[in-house]
file upload09.txt (compact mmCIF, C-alpha atoms and all ligand atoms)
# COMPACT_ATOMS: atom_id res chain seq x y z
CA MET S 111 -57.06 117.25 29.84
CA ARG S 112 -59.05 120.06 28.26
CA ILE S 113 -56.59 122.42 26.63
CA ALA S 114 -57.22 125.75 24.87
CA VAL S 115 -54.81 127.29 22.39
CA LEU S 116 -55.12 131.05 22.11
CA SER S 117 -54.24 131.83 18.52
CA ARG S 118 -55.71 134.01 15.83
CA ASN S 119 -55.02 131.51 13.10
CA PRO S 120 -55.47 127.73 13.44
CA LYS S 121 -53.62 127.25 10.13
CA LEU S 122 -50.31 128.61 11.37
CA TYR S 123 -47.60 125.95 11.60
CA SER S 124 -47.07 126.40 15.36
CA THR S 125 -50.78 126.30 16.16
CA ARG S 126 -51.31 123.22 13.99
CA ARG S 127 -48.40 121.39 15.57
CA LEU S 128 -49.60 122.15 19.11
CA VAL S 129 -53.10 120.91 18.26
CA GLU S 130 -51.66 117.73 16.71
CA ALA S 131 -49.47 117.10 19.74
CA CYS S 132 -52.38 117.60 22.17
CA GLU S 133 -54.56 115.21 20.19
CA ALA S 134 -51.81 112.61 19.80
CA ARG S 135 -51.40 112.62 23.57
CA GLY S 136 -55.11 112.11 24.17
CA HIS S 137 -56.21 115.61 25.14
CA GLU S 138 -59.27 117.55 24.09
CA VAL S 139 -58.01 120.70 22.40
CA THR S 140 -59.76 123.85 21.14
CA VAL S 141 -58.25 126.77 19.27
CA LEU S 142 -59.75 130.07 20.39
CA ASN S 143 -59.30 133.21 18.35
CA THR S 144 -57.86 135.55 20.98
CA LEU S 145 -59.55 138.68 19.66
CA LYS S 146 -62.96 137.02 19.47
CA CYS S 147 -63.01 136.06 23.13
CA TYR S 148 -64.95 138.48 25.31
CA LEU S 149 -64.76 138.65 29.04
CA ASP S 150 -67.15 138.79 31.95
CA VAL S 151 -64.96 140.75 34.30
CA ALA S 152 -67.35 142.20 36.85
CA SER S 153 -69.00 138.98 37.91
CA HIS S 154 -67.89 137.13 41.06
CA ARG S 155 -67.48 134.16 38.74
CA PRO S 156 -65.20 135.39 35.99
CA SER S 157 -65.73 133.79 32.61
CA VAL S 158 -64.61 133.93 29.01
CA HIS S 159 -67.32 134.01 26.39
CA TYR S 160 -66.94 132.76 22.84
CA LYS S 161 -69.47 132.49 20.04
CA GLY S 162 -72.38 133.43 22.22
CA LYS S 163 -71.74 131.43 25.36
CA ALA S 164 -69.50 131.04 28.38
CA LEU S 165 -66.69 128.54 27.81
CA GLU S 166 -66.57 125.42 29.94
CA PRO S 167 -63.46 125.49 32.16
CA PHE S 168 -60.15 124.39 30.64
CA ASP S 169 -57.33 122.68 32.53
CA ALA S 170 -54.64 124.55 30.65
CA VAL S 171 -54.25 127.33 28.13
CA ILE S 172 -51.44 127.70 25.60
CA PRO S 173 -51.06 131.36 24.69
CA ARG S 174 -49.78 132.10 21.18
CA ILE S 175 -50.18 135.84 21.31
CA GLY S 176 -48.80 137.88 18.43
CA ALA S 177 -46.89 141.07 19.18
CA SER S 178 -49.61 143.21 17.62
CA VAL S 179 -52.28 141.93 20.03
CA THR S 180 -50.24 141.77 23.23
CA PHE S 181 -52.50 144.12 25.16
CA TYR S 182 -55.81 142.38 24.52
CA GLY S 183 -54.23 138.93 24.44
CA ALA S 184 -52.76 139.45 27.90
CA ALA S 185 -56.18 140.49 29.21
CA VAL S 186 -57.81 137.33 27.84
CA LEU S 187 -55.07 135.18 29.33
CA ARG S 188 -55.38 136.98 32.68
CA GLN S 189 -59.08 136.17 32.67
CA PHE S 190 -58.28 132.46 32.25
CA GLU S 191 -55.81 132.78 35.12
CA MET S 192 -58.53 134.35 37.29
CA MET S 193 -60.67 131.32 36.51
CA GLY S 194 -57.91 129.03 37.74
CA THR S 195 -56.82 127.71 34.31
CA TYR S 196 -53.12 126.82 34.17
CA PRO S 197 -51.31 129.09 31.68
CA LEU S 198 -48.30 127.67 29.85
CA ASN S 199 -46.80 131.16 30.07
CA GLU S 200 -48.29 133.69 32.45
CA SER S 201 -49.79 136.96 31.27
CA VAL S 202 -47.38 139.01 33.38
CA ALA S 203 -44.35 137.26 31.91
CA ILE S 204 -45.63 137.72 28.36
CA THR S 205 -46.26 141.43 28.87
CA ARG S 206 -42.79 141.80 30.34
CA SER S 207 -41.12 140.00 27.44
CA ARG S 208 -42.78 142.27 24.89
CA ASP S 209 -41.03 145.33 26.29
CA LYS S 210 -37.39 145.16 25.18
CA LEU S 211 -36.14 147.68 27.69
CA ARG S 212 -37.93 146.15 30.63
CA SER S 213 -36.70 142.69 29.64
CA LEU S 214 -33.10 143.82 29.41
CA GLN S 215 -33.35 145.56 32.78
CA ILE S 216 -34.66 142.35 34.34
CA LEU S 217 -31.81 140.35 32.78
CA ALA S 218 -29.19 142.96 33.73
CA ARG S 219 -30.39 142.90 37.32
CA ALA S 220 -29.83 139.14 37.32
CA GLY S 221 -26.27 139.54 36.05
CA ILE S 222 -26.97 137.82 32.72
CA GLY S 223 -24.59 138.66 29.84
CA LEU S 224 -25.93 141.40 27.56
CA PRO S 225 -24.51 143.59 24.82
CA LEU S 226 -23.59 147.07 26.13
CA THR S 227 -26.95 148.81 25.86
CA GLY S 228 -28.24 152.35 26.25
CA PHE S 229 -31.80 153.56 26.11
CA ALA S 230 -33.03 157.03 25.26
CA SER S 231 -35.88 159.20 24.11
CA HIS S 232 -34.57 162.76 23.69
CA PRO S 233 -30.96 162.46 24.89
CA ASP S 234 -29.43 165.85 25.63
CA ASP S 235 -25.92 164.64 24.81
CA THR S 236 -25.79 162.39 21.77
CA LYS S 237 -22.01 161.94 21.88
CA ASP S 238 -22.08 160.79 25.50
CA LEU S 239 -24.89 158.35 24.72
CA ILE S 240 -22.79 156.88 21.91
CA LYS S 241 -19.78 156.61 24.25
CA LEU S 242 -21.92 154.59 26.66
CA VAL S 243 -22.03 151.66 24.26
CA GLY S 244 -18.41 151.94 23.17
CA GLY S 245 -18.81 154.12 20.07
CA ALA S 246 -19.54 153.19 16.44
CA PRO S 247 -20.23 150.79 14.86
CA LEU S 248 -23.40 150.37 16.86
CA VAL S 249 -26.93 149.11 16.49
CA VAL S 250 -30.01 151.29 17.01
CA LYS S 251 -33.32 149.60 17.76
CA LEU S 252 -36.80 150.94 17.97
CA LEU S 253 -38.40 149.62 21.10
CA GLU S 254 -41.29 147.71 19.66
CA GLY S 255 -40.03 146.30 16.37
CA THR S 256 -40.17 142.63 15.42
CA GLN S 257 -38.71 140.60 12.57
CA GLY S 258 -35.72 142.90 12.40
CA LYS S 259 -37.78 145.82 11.11
CA GLY S 260 -36.76 148.42 13.68
CA VAL S 261 -33.08 147.45 13.81
CA VAL S 262 -30.43 149.59 12.08
CA LEU S 263 -26.63 149.40 11.95
CA ALA S 264 -24.73 152.70 12.18
CA GLU S 265 -21.22 152.00 10.96
CA THR S 266 -19.60 155.34 11.74
CA GLN S 267 -19.79 157.97 14.48
CA LYS S 268 -21.34 160.41 11.98
CA ALA S 269 -24.01 157.92 10.89
CA ALA S 270 -24.82 157.15 14.53
CA GLU S 271 -25.18 160.85 15.37
CA SER S 272 -27.49 161.58 12.45
CA LEU S 273 -29.59 158.54 13.16
CA ILE S 274 -30.04 159.52 16.80
CA ASP S 275 -30.90 163.07 15.76
CA ALA S 276 -33.54 161.71 13.40
CA PHE S 277 -35.04 159.55 16.15
CA LYS S 278 -35.07 162.53 18.51
CA ASN S 279 -37.41 164.30 16.13
CA LEU S 280 -39.79 161.38 16.06
CA ALA S 281 -41.72 160.57 19.18
CA ALA S 282 -39.80 157.30 19.51
CA ASN S 283 -37.99 155.62 22.34
CA PHE S 284 -34.97 153.74 21.12
CA MET S 285 -32.16 151.53 22.22
CA LEU S 286 -28.48 151.78 21.36
CA GLN S 287 -26.39 148.66 21.43
CA GLU S 288 -22.81 147.65 20.98
CA PHE S 289 -22.54 145.94 17.58
CA ILE S 290 -21.40 142.35 18.11
CA LYS S 291 -19.40 142.17 14.89
CA GLU S 292 -17.73 138.90 15.79
CA ALA S 293 -21.13 137.16 15.66
CA GLY S 294 -20.73 137.47 11.87
CA GLY S 295 -24.44 137.97 11.17
CA SER S 296 -25.51 134.87 13.03
CA ASP S 297 -27.31 134.26 16.28
CA LEU S 298 -28.51 131.30 18.31
CA ARG S 299 -32.15 130.57 19.00
CA CYS S 300 -32.48 128.36 22.08
CA LEU S 301 -35.88 126.83 22.69
CA VAL S 302 -36.25 126.59 26.45
CA ILE S 303 -38.90 124.47 28.16
CA GLY S 304 -38.83 124.61 31.96
CA ASP S 305 -35.19 124.37 32.97
CA ARG S 306 -33.90 122.81 29.74
CA VAL S 307 -32.82 123.92 26.30
CA VAL S 308 -34.64 121.27 24.25
CA ALA S 309 -33.54 122.45 20.80
CA ALA S 310 -31.18 125.05 19.39
CA MET S 311 -30.58 126.45 15.94
CA GLN S 312 -28.17 128.88 14.42
CA ARG S 313 -29.59 131.55 12.17
CA GLN S 314 -27.31 133.10 9.60
CA ALA S 315 -28.10 136.39 7.86
CA LYS S 316 -27.98 136.43 4.09
CA ALA S 317 -24.95 138.02 2.45
CA GLY S 318 -24.67 141.77 3.01
CA GLU S 319 -27.11 141.71 5.96
CA PHE S 320 -26.33 141.64 9.69
CA ARG S 321 -29.85 140.73 10.85
CA SER S 322 -30.34 136.98 10.98
CA ASN S 323 -34.16 137.01 11.15
CA LEU S 324 -35.66 134.27 8.98
CA HIS S 325 -38.16 136.91 7.81
CA ARG S 326 -35.19 138.84 6.41
CA GLY S 327 -33.90 135.91 4.39
CA GLY S 328 -31.76 134.33 7.12
CA THR S 329 -31.21 130.56 7.08
CA ALA S 330 -31.42 128.15 10.01
CA SER S 331 -29.27 125.15 10.83
CA LEU S 332 -28.69 122.73 13.66
CA VAL S 333 -26.05 123.88 16.16
CA LYS S 334 -24.36 122.45 19.21
CA ILE S 335 -24.31 125.01 21.98
CA THR S 336 -21.83 125.21 24.86
CA PRO S 337 -22.74 124.58 28.51
CA GLU S 338 -22.31 128.32 29.15
CA GLU S 339 -24.74 129.18 26.35
CA ARG S 340 -27.15 126.59 27.68
CA SER S 341 -27.12 127.96 31.21
CA THR S 342 -27.37 131.57 29.99
CA ALA S 343 -30.48 130.71 27.97
CA VAL S 344 -32.13 128.84 30.84
CA ARG S 345 -31.37 131.56 33.38
CA ALA S 346 -32.71 134.24 31.04
CA ALA S 347 -35.96 132.30 30.53
CA GLN S 348 -36.35 131.77 34.26
CA LYS S 349 -35.69 135.39 35.19
CA MET S 350 -38.37 136.39 32.69
CA GLY S 351 -40.73 133.91 34.34
CA LEU S 352 -41.44 132.05 31.09
CA ASN S 353 -41.98 128.26 31.03
CA VAL S 354 -41.58 128.12 27.28
CA SER S 355 -39.52 130.66 25.37
CA GLY S 356 -37.11 131.29 22.54
CA VAL S 357 -33.95 132.87 23.87
CA ASP S 358 -31.78 134.60 21.26
CA LEU S 359 -28.07 134.75 21.97
CA LEU S 360 -25.12 136.27 20.17
CA ARG S 361 -21.64 134.75 20.42
CA SER S 362 -19.60 137.76 21.50
CA ASN S 363 -15.94 137.80 22.46
CA HIS S 364 -17.05 138.49 26.03
CA GLY S 365 -19.18 135.32 26.10
CA PRO S 366 -22.81 134.64 25.16
CA VAL S 367 -25.03 137.74 25.31
CA VAL S 368 -28.81 137.71 25.32
CA MET S 369 -30.56 139.78 22.67
CA GLU S 370 -34.14 138.95 23.43
CA VAL S 371 -36.46 136.42 25.01
CA ASN S 372 -39.50 135.54 22.92
CA SER S 373 -42.63 134.35 24.71
CA SER S 374 -44.39 132.84 21.65
CA PRO S 375 -41.47 131.26 19.78
CA GLY S 376 -42.29 129.94 16.32
CA LEU S 377 -41.95 126.17 16.01
CA GLU S 378 -41.44 125.78 12.28
CA GLY S 379 -37.80 126.87 12.00
CA ILE S 380 -36.68 125.07 15.12
CA GLU S 381 -38.53 121.81 14.42
CA THR S 382 -37.41 121.73 10.81
CA SER S 383 -33.76 122.48 11.48
CA THR S 384 -33.39 120.19 14.49
CA GLY S 385 -35.85 117.42 13.60
CA LYS S 386 -37.20 117.58 17.16
CA ASP S 387 -40.84 117.30 18.14
CA VAL S 388 -40.92 120.47 20.24
CA ALA S 389 -44.73 120.62 20.21
CA SER S 390 -44.99 117.28 22.03
CA MET S 391 -42.38 118.36 24.54
CA ILE S 392 -44.48 121.45 25.29
CA VAL S 393 -47.60 119.34 25.83
CA ALA S 394 -45.63 116.92 28.03
CA PHE S 395 -44.51 119.89 30.13
CA ILE S 396 -48.16 120.90 30.59
CA GLU S 397 -49.11 117.36 31.62
CA LYS S 398 -46.41 117.41 34.25
CA ASN S 399 -46.96 120.91 35.60
CA ALA S 400 -50.57 121.95 35.12
CA LYS S 401 -52.53 122.44 38.30
CA ALA S 402 -55.63 124.50 38.92
CA ASN S 403 -54.90 127.96 40.28
CA LYS S 404 -51.17 127.54 39.78
CA THR S 405 -50.28 131.05 38.76
CA ARG S 406 -48.50 133.83 40.52
CA THR S 407 -50.88 136.23 38.84
CA ARG S 408 -54.05 135.00 40.48
CA GLY S 409 -55.43 137.69 42.70
CA LYS S 410 -52.58 140.03 41.83
CA GLY S 411 -52.50 141.57 38.41
P1 LIG S 501 -36.26 141.86 16.36
O1 LIG S 501 -37.07 141.81 17.61
O2 LIG S 501 -36.83 142.80 15.36
O3 LIG S 501 -35.98 140.48 15.83
P2 LIG S 501 -33.53 141.87 17.34
O4 LIG S 501 -33.07 142.69 18.49
O5 LIG S 501 -33.72 140.42 17.57
O6 LIG S 501 -34.87 142.54 16.76
O7 LIG S 501 -32.50 142.09 16.15
C1 LIG S 501 -32.66 141.49 14.86
C2 LIG S 501 -31.36 140.82 14.40
O8 LIG S 501 -30.32 141.80 14.25
C3 LIG S 501 -30.82 139.80 15.38
O9 LIG S 501 -31.39 138.53 15.17
C4 LIG S 501 -29.32 139.82 15.10
O10 LIG S 501 -28.98 138.97 14.00
C5 LIG S 501 -29.07 141.27 14.69
N1 LIG S 501 -28.61 142.05 15.85
C6 LIG S 501 -29.41 142.66 16.76
N2 LIG S 501 -28.69 143.28 17.72
C7 LIG S 501 -27.40 143.09 17.41
C8 LIG S 501 -26.16 143.51 18.01
N3 LIG S 501 -26.15 144.24 19.11
N4 LIG S 501 -25.02 143.10 17.42
C9 LIG S 501 -25.04 142.32 16.30
N5 LIG S 501 -26.17 141.93 15.67
C10 LIG S 501 -27.34 142.29 16.22
MG MG S 502 -35.19 138.99 17.07

call {"tool": "encode", "arguments": {"input": "upload09.txt", "output": "structure tokens", "more": "lines below"}}
Ligand code: ADP
Ligand code: MG
result
Amino acid sequence: MRIAVLSRNPKLYSTRRLVEACEARGHEVTVLNTLKCYLDVASHRPSVHYKGKALEPFDAVIPRIGASVTFYGAAVLRQFEMMGTYPLNESVAITRSRDKLRSLQILARAGIGLPLTGFASHPDDTKDLIKLVGGAPLVVKLLEGTQGKGVVLAETQKAAESLIDAFKNLAANFMLQEFIKEAGGSDLRCLVIGDRVVAAMQRQAKAGEFRSNLHRGGTASLVKITPEERSTAVRAAQKMGLNVSGVDLLRSNHGPVVMEVNSSPGLEGIETSTGKDVASMIVAFIEKNAKANKTRTRGKG
């Protein structure tokens, strides 16, 4: 097959591993810098141009779209979809997953376990908003943060109130969440391909920190997840419409709760801590599922 990887940096671990896996399985693979692609939108034969010419059609495209380029990246991917190229994850699903509120609403609608969550911009009753998530301690999240940057723990009612007041004065939408203390600073990253969790790791925050992000000094290890955690992760991925995703769960005393569903999960942490060849499993999934014009987005938007 002819496979394109949309990625801004061919040297990144995940990109390299996907290229290796494609080549090892006998495919022709090209890494395209997402931002350098330009699109012929108006023509009756849509095309993607790169380095001065229209690209020959690909059978499949693997989007690795960073959070900071979601908007343009989704447009490039949509263009491939219009041309009939099979997308590993669809543009609509990626856009959806990048909006934390929208994602949680989709999961809530499907009855998937979530932390108690509130969402606000300029709430006219701060105390009532806090009550909604069961009071302090609670977690406040900016809507578009990644790597734990926009996530703050308010340990007392007073701290929560001042934090919310501060956010009110910024033009920021934010999310309030029950603090899952019993998770003890750790979460589960489940790598879902199709209808299976193919690898799972536990991430543990460093001492004195509740955020387990590896970028914040968290450490990863192999973990055995329960059947309930497994099915929660798979259902979350499916409701988001993602073929490949990283579903983050917290172990709460009311069962597994989903924190977020990542549409371009990094492969380094999960491959290193589990010893699994996730990249090859992704390529095998493409071999099995890729068909021309197989996207729900085609002709829609
Ligand atoms: P980001 O997108 O920036 O990674 P997350 O929502 O994943 O933001 O939060 C970062 C980390 O903070 C999580 O991996 C988890 O360890 C911790 N965390 C987030 N929400 C909660 C919560 N409600 N209760 C306990 N810990 C949380
Ligand atoms: Mg996270």

call {"tool": "residues_near_ligand", "arguments": {"input": "upload09.txt", "ligand": "ligand MG 502 (chain S)", "cutoff": "7 Å", "atoms": "only C-alpha atoms and all ligand atoms", "output": "ChimeraX atom specification"}}
result
/S:256-258,323,358,370

call {"tool": "axis_aligned_box", "arguments": {"input": "upload09.txt", "around": "region 382-390 of chain S", "padding_each_side": "5 Å", "output": "lines of an AutoDock Vina configuration file"}}
result
center_x = -39.2
center_y = 119.9
center_z = 16.4
size_x = 21.6
size_y = 15.2
size_z = 21.2

call {"tool": "residues_around", "arguments": {"input": "upload09.txt", "residues": "Val250 (chain S)", "least_positions_apart": "4", "cutoff": "10 Å", "atoms": "only C-alpha atoms", "output": "PDB file with C-alpha atoms, in the coordinates of the input"}}
result
ATOM      1  CA  THR S 227     -26.950 148.810  25.860  1.00  0.00           C
ATOM      2  CA  GLY S 228     -28.240 152.350  26.250  1.00  0.00           C
ATOM      3  CA  PHE S 229     -31.800 153.560  26.110  1.00  0.00           C
ATOM      4  CA  GLY S 260     -36.760 148.420  13.680  1.00  0.00           C
ATOM      5  CA  VAL S 261     -33.080 147.450  13.810  1.00  0.00           C
ATOM      6  CA  VAL S 262     -30.430 149.590  12.080  1.00  0.00           C
ATOM      7  CA  LEU S 263     -26.630 149.400  11.950  1.00  0.00           C
ATOM      8  CA  ALA S 264     -24.730 152.700  12.180  1.00  0.00           C
ATOM      9  CA  ALA S 270     -24.820 157.150  14.530  1.00  0.00           C
ATOM     10  CA  LEU S 273     -29.590 158.540  13.160  1.00  0.00           C
ATOM     11  CA  ILE S 274     -30.040 159.520  16.800  1.00  0.00           C
ATOM     12  CA  PHE S 277     -35.040 159.550  16.150  1.00  0.00           C
ATOM     13  CA  PHE S 284     -34.970 153.740  21.120  1.00  0.00           C
ATOM     14  CA  MET S 285     -32.160 151.530  22.220  1.00  0.00           C
ATOM     15  CA  LEU S 286     -28.480 151.780  21.360  1.00  0.00           C
ATOM     16  CA  GLN S 287     -26.390 148.660  21.430  1.00  0.00           C
ATOM     17  CA  GLU S 288     -22.810 147.650  20.980  1.00  0.00           C
ATOM     18  CA  PHE S 289     -22.540 145.940  17.580  1.00  0.00           C
TER      19      PHE S 289
END

call {"tool": "atom_distance", "arguments": {"input": "upload09.txt", "atom1": "CA of Ile204 (chain S)", "atom2": "CA of Arg361 (chain S)"}}
result
25.4 Å

call {"tool": "atom_distance", "arguments": {"input": "upload09.txt", "atom1": "CA of Lys259 (chain S)", "atom2": "atom N1 of ligand LIG 501 (chain S)"}}
result
11.0 Å

call {"tool": "residues_near_point", "arguments": {"input": "upload09.txt", "point": "(-52.1, 135.5, 25.1)", "cutoff": "10 Å", "atoms": "all atoms listed in the file", "output": "number ranges by chain"}}
result
S: 115-117, 144-145, 171-177, 179-188, 190, 197-201, 204-205, 373-374

call {"tool": "atom_distance", "arguments": {"input": "upload09.txt", "atom1": "CA of Gln215 (chain S)", "atom2": "CA of Gln314 (chain S)"}}
result
27.0 Å

call {"tool": "residues_around", "arguments": {"input": "upload09.txt", "residues": "Leu359 (chain S)", "least_positions_apart": "4", "cutoff": "8 Å", "atoms": "all atoms listed in the file", "output": "compact mmCIF listing (two decimals) with C-alpha atoms, keeping the file's coordinate frame"}}
result
# COMPACT_ATOMS: atom_id res chain seq x y z
CA ASP S 297 -27.31 134.26 16.28
CA LEU S 298 -28.51 131.30 18.31
CA ARG S 299 -32.15 130.57 19.00
CA CYS S 300 -32.48 128.36 22.08
CA GLU S 339 -24.74 129.18 26.35
CA ALA S 343 -30.48 130.71 27.97
CA PRO S 366 -22.81 134.64 25.16
CA VAL S 367 -25.03 137.74 25.31
CA VAL S 368 -28.81 137.71 25.32
CA MET S 369 -30.56 139.78 22.67
CA GLU S 370 -34.14 138.95 23.43

call {"tool": "residues_around", "arguments": {"input": "upload09.txt", "residues": "Arg126 (chain S)", "least_positions_apart": "5", "cutoff": "12 Å", "atoms": "all atoms listed in the file", "output": "short mmCIF file (atom, residue, chain, number, x, y, z; two decimals) with C-alpha atoms, in the frame of the given file"}}
result
data_model
loop_
_atom_site.label_atom_id
_atom_site.label_comp_id
_atom_site.auth_asym_id
_atom_site.auth_seq_id
_atom_site.Cartn_x
_atom_site.Cartn_y
_atom_site.Cartn_z
CA VAL S 115 -54.81 127.29 22.39
CA LEU S 116 -55.12 131.05 22.11
CA SER S 117 -54.24 131.83 18.52
CA ARG S 118 -55.71 134.01 15.83
CA ASN S 119 -55.02 131.51 13.10
CA PRO S 120 -55.47 127.73 13.44
CA LYS S 121 -53.62 127.25 10.13
CA ALA S 131 -49.47 117.10 19.74
CA CYS S 132 -52.38 117.60 22.17
CA GLU S 133 -54.56 115.21 20.19
CA VAL S 139 -58.01 120.70 22.40
CA THR S 140 -59.76 123.85 21.14
CA VAL S 141 -58.25 126.77 19.27
CA ARG S 174 -49.78 132.10 21.18
CA GLY S 376 -42.29 129.94 16.32
CA LEU S 377 -41.95 126.17 16.01
CA GLU S 378 -41.44 125.78 12.28
CA ALA S 389 -44.73 120.62 20.21
CA SER S 390 -44.99 117.28 22.03
#

call {"tool": "residues_near_point", "arguments": {"input": "upload09.txt", "point": "(-30.2, 120.4, 13.9)", "cutoff": "10 Å", "atoms": "all atoms listed in the file", "output": "list of chain:residue names"}}
result
S:Ala309, S:Ala310, S:Met311, S:Gln312, S:Ala330, S:Ser331, S:Leu332, S:Val333, S:Lys334, S:Ile380, S:Glu381, S:Thr382, S:Ser383, S:Thr384, S:Gly385, S:Lys386

call {"tool": "closest_residue", "arguments": {"input": "upload09.txt", "among": "S:Val249, S:Leu122, S:Ile396, S:Leu224", "to": "ligand LIG 501 (chain S)", "atoms": "all atoms listed in the file"}}
result
S:Val249

call {"tool": "closest_residue", "arguments": {"input": "upload09.txt", "among": "S:Glu191, S:Glu319, S:Glu397, S:Asp150", "to": "ligand LIG 501 (chain S)", "atoms": "all atoms listed in the file"}}
result
S:Glu319

call {"tool": "residues_around", "arguments": {"input": "upload09.txt", "residues": "region 348-356 of chain S", "least_positions_apart": "3", "cutoff": "6 Å", "atoms": "only C-alpha atoms", "output": "PDB file with C-alpha atoms, in the coordinates of the input"}}
result
ATOM      1  CA  ASN S 199     -46.800 131.160  30.070  1.00  0.00           C
ATOM      2  CA  ALA S 203     -44.350 137.260  31.910  1.00  0.00           C
ATOM      3  CA  CYS S 300     -32.480 128.360  22.080  1.00  0.00           C
ATOM      4  CA  LEU S 301     -35.880 126.830  22.690  1.00  0.00           C
ATOM      5  CA  VAL S 302     -36.250 126.590  26.450  1.00  0.00           C
ATOM      6  CA  ILE S 303     -38.900 124.470  28.160  1.00  0.00           C
ATOM      7  CA  GLY S 304     -38.830 124.610  31.960  1.00  0.00           C
ATOM      8  CA  ARG S 345     -31.370 131.560  33.380  1.00  0.00           C
ATOM      9  CA  VAL S 371     -36.460 136.420  25.010  1.00  0.00           C
ATOM     10  CA  ASN S 372     -39.500 135.540  22.920  1.00  0.00           C
ATOM     11  CA  SER S 373     -42.630 134.350  24.710  1.00  0.00           C
ATOM     12  CA  PRO S 375     -41.470 131.260  19.780  1.00  0.00           C
TER      13      PRO S 375
END

call {"tool": "residues_around", "arguments": {"input": "upload09.txt", "residues": "Val151 (chain S)", "least_positions_apart": "3", "cutoff": "12 Å", "atoms": "only C-alpha atoms", "output": "PyMOL selection string"}}
result
chain S and resi 148+154-159+185-186+188-190+192-193

call {"tool": "closest_residue", "arguments": {"input": "upload09.txt", "among": "S:Gly223, S:Gly295, S:Gly162, S:Gly194", "to": "ligand LIG 501 (chain S)", "atoms": "only C-alpha atoms and all ligand atoms"}}
result
S:Gly295

call {"tool": "closest_residue", "arguments": {"input": "upload09.txt", "among": "S:Gly379, S:Gly328, S:Gly365, S:Gly318", "to": "ligand LIG 501 (chain S)", "atoms": "all atoms listed in the file"}}
result
S:Gly328

call {"tool": "closest_residue", "arguments": {"input": "upload09.txt", "among": "S:Gln267, S:Asn279, S:Ser213, S:Ser272", "to": "ligand LIG 501 (chain S)", "atoms": "all atoms listed in the file"}}
result
S:Ser213

call {"tool": "closest_residue", "arguments": {"input": "upload09.txt", "among": "S:Ser322, S:Ser231, S:Asn143, S:Thr125", "to": "ligand LIG 501 (chain S)", "atoms": "only C-alpha atoms and all ligand atoms"}}
result
S:Ser322

call {"tool": "decode", "arguments": {"input": "upload09.txt", "residues": "region 145-155 of chain S", "atoms": "N, CA, C and O atoms", "output": "PDB file, in the first residue's frame"}}
result
ATOM      1  N   LEU S 145       1.855  21.136   7.834  1.00  0.00           N
ATOM      2  CA  LEU S 145       1.694  22.565   7.561  1.00  0.00           C
ATOM      3  C   LEU S 145       2.185  22.948   6.177  1.00  0.00           C
ATOM      4  O   LEU S 145       1.829  24.000   5.656  1.00  0.00           O
ATOM      5  N   LYS S 146       3.015  22.089   5.575  1.00  0.00           N
ATOM      6  CA  LYS S 146       3.538  22.427   4.244  1.00  0.00           C
ATOM      7  C   LYS S 146       2.650  21.935   3.113  1.00  0.00           C
ATOM      8  O   LYS S 146       2.862  22.266   1.951  1.00  0.00           O
ATOM      9  N   CYS S 147       1.665  21.121   3.445  1.00  0.00           N
ATOM     10  CA  CYS S 147       0.703  20.692   2.430  1.00  0.00           C
ATOM     11  C   CYS S 147      -0.184  21.879   2.091  1.00  0.00           C
ATOM     12  O   CYS S 147      -0.549  22.646   2.971  1.00  0.00           O
ATOM     13  N   TYR S 148      -0.514  22.038   0.819  1.00  0.00           N
ATOM     14  CA  TYR S 148      -1.498  23.044   0.443  1.00  0.00           C
ATOM     15  C   TYR S 148      -2.534  22.387  -0.448  1.00  0.00           C
ATOM     16  O   TYR S 148      -2.266  21.368  -1.090  1.00  0.00           O
ATOM     17  N   LEU S 149      -3.730  22.969  -0.439  1.00  0.00           N
ATOM     18  CA  LEU S 149      -4.882  22.219  -0.908  1.00  0.00           C
ATOM     19  C   LEU S 149      -5.571  22.869  -2.092  1.00  0.00           C
ATOM     20  O   LEU S 149      -5.788  24.085  -2.089  1.00  0.00           O
ATOM     21  N   ASP S 150      -5.910  22.059  -3.059  1.00  0.00           N
ATOM     22  CA  ASP S 150      -6.738  22.534  -4.166  1.00  0.00           C
ATOM     23  C   ASP S 150      -8.174  22.167  -3.821  1.00  0.00           C
ATOM     24  O   ASP S 150      -8.610  21.035  -3.996  1.00  0.00           O
ATOM     25  N   VAL S 151      -8.882  23.143  -3.295  1.00  0.00           N
ATOM     26  CA  VAL S 151     -10.206  22.873  -2.741  1.00  0.00           C
ATOM     27  C   VAL S 151     -11.309  23.055  -3.777  1.00  0.00           C
ATOM     28  O   VAL S 151     -12.279  22.313  -3.802  1.00  0.00           O
ATOM     29  N   ALA S 152     -11.134  24.059  -4.644  1.00  0.00           N
ATOM     30  CA  ALA S 152     -12.235  24.440  -5.522  1.00  0.00           C
ATOM     31  C   ALA S 152     -12.432  23.482  -6.700  1.00  0.00           C
ATOM     32  O   ALA S 152     -13.516  23.386  -7.243  1.00  0.00           O
ATOM     33  N   SER S 153     -11.373  22.785  -7.045  1.00  0.00           N
ATOM     34  CA  SER S 153     -11.456  21.939  -8.225  1.00  0.00           C
ATOM     35  C   SER S 153     -12.448  20.792  -8.047  1.00  0.00           C
ATOM     36  O   SER S 153     -12.722  20.368  -6.933  1.00  0.00           O
ATOM     37  N   HIS S 154     -12.970  20.250  -9.161  1.00  0.00           N
ATOM     38  CA  HIS S 154     -13.863  19.092  -9.048  1.00  0.00           C
ATOM     39  C   HIS S 154     -13.058  17.830  -8.751  1.00  0.00           C
ATOM     40  O   HIS S 154     -13.612  16.803  -8.428  1.00  0.00           O
ATOM     41  N   ARG S 155     -11.723  17.961  -8.901  1.00  0.00           N
ATOM     42  CA  ARG S 155     -10.852  16.853  -8.483  1.00  0.00           C
ATOM     43  C   ARG S 155      -9.938  17.328  -7.373  1.00  0.00           C
ATOM     44  O   ARG S 155      -8.854  17.822  -7.637  1.00  0.00           O
TER      45      ARG S 155
END
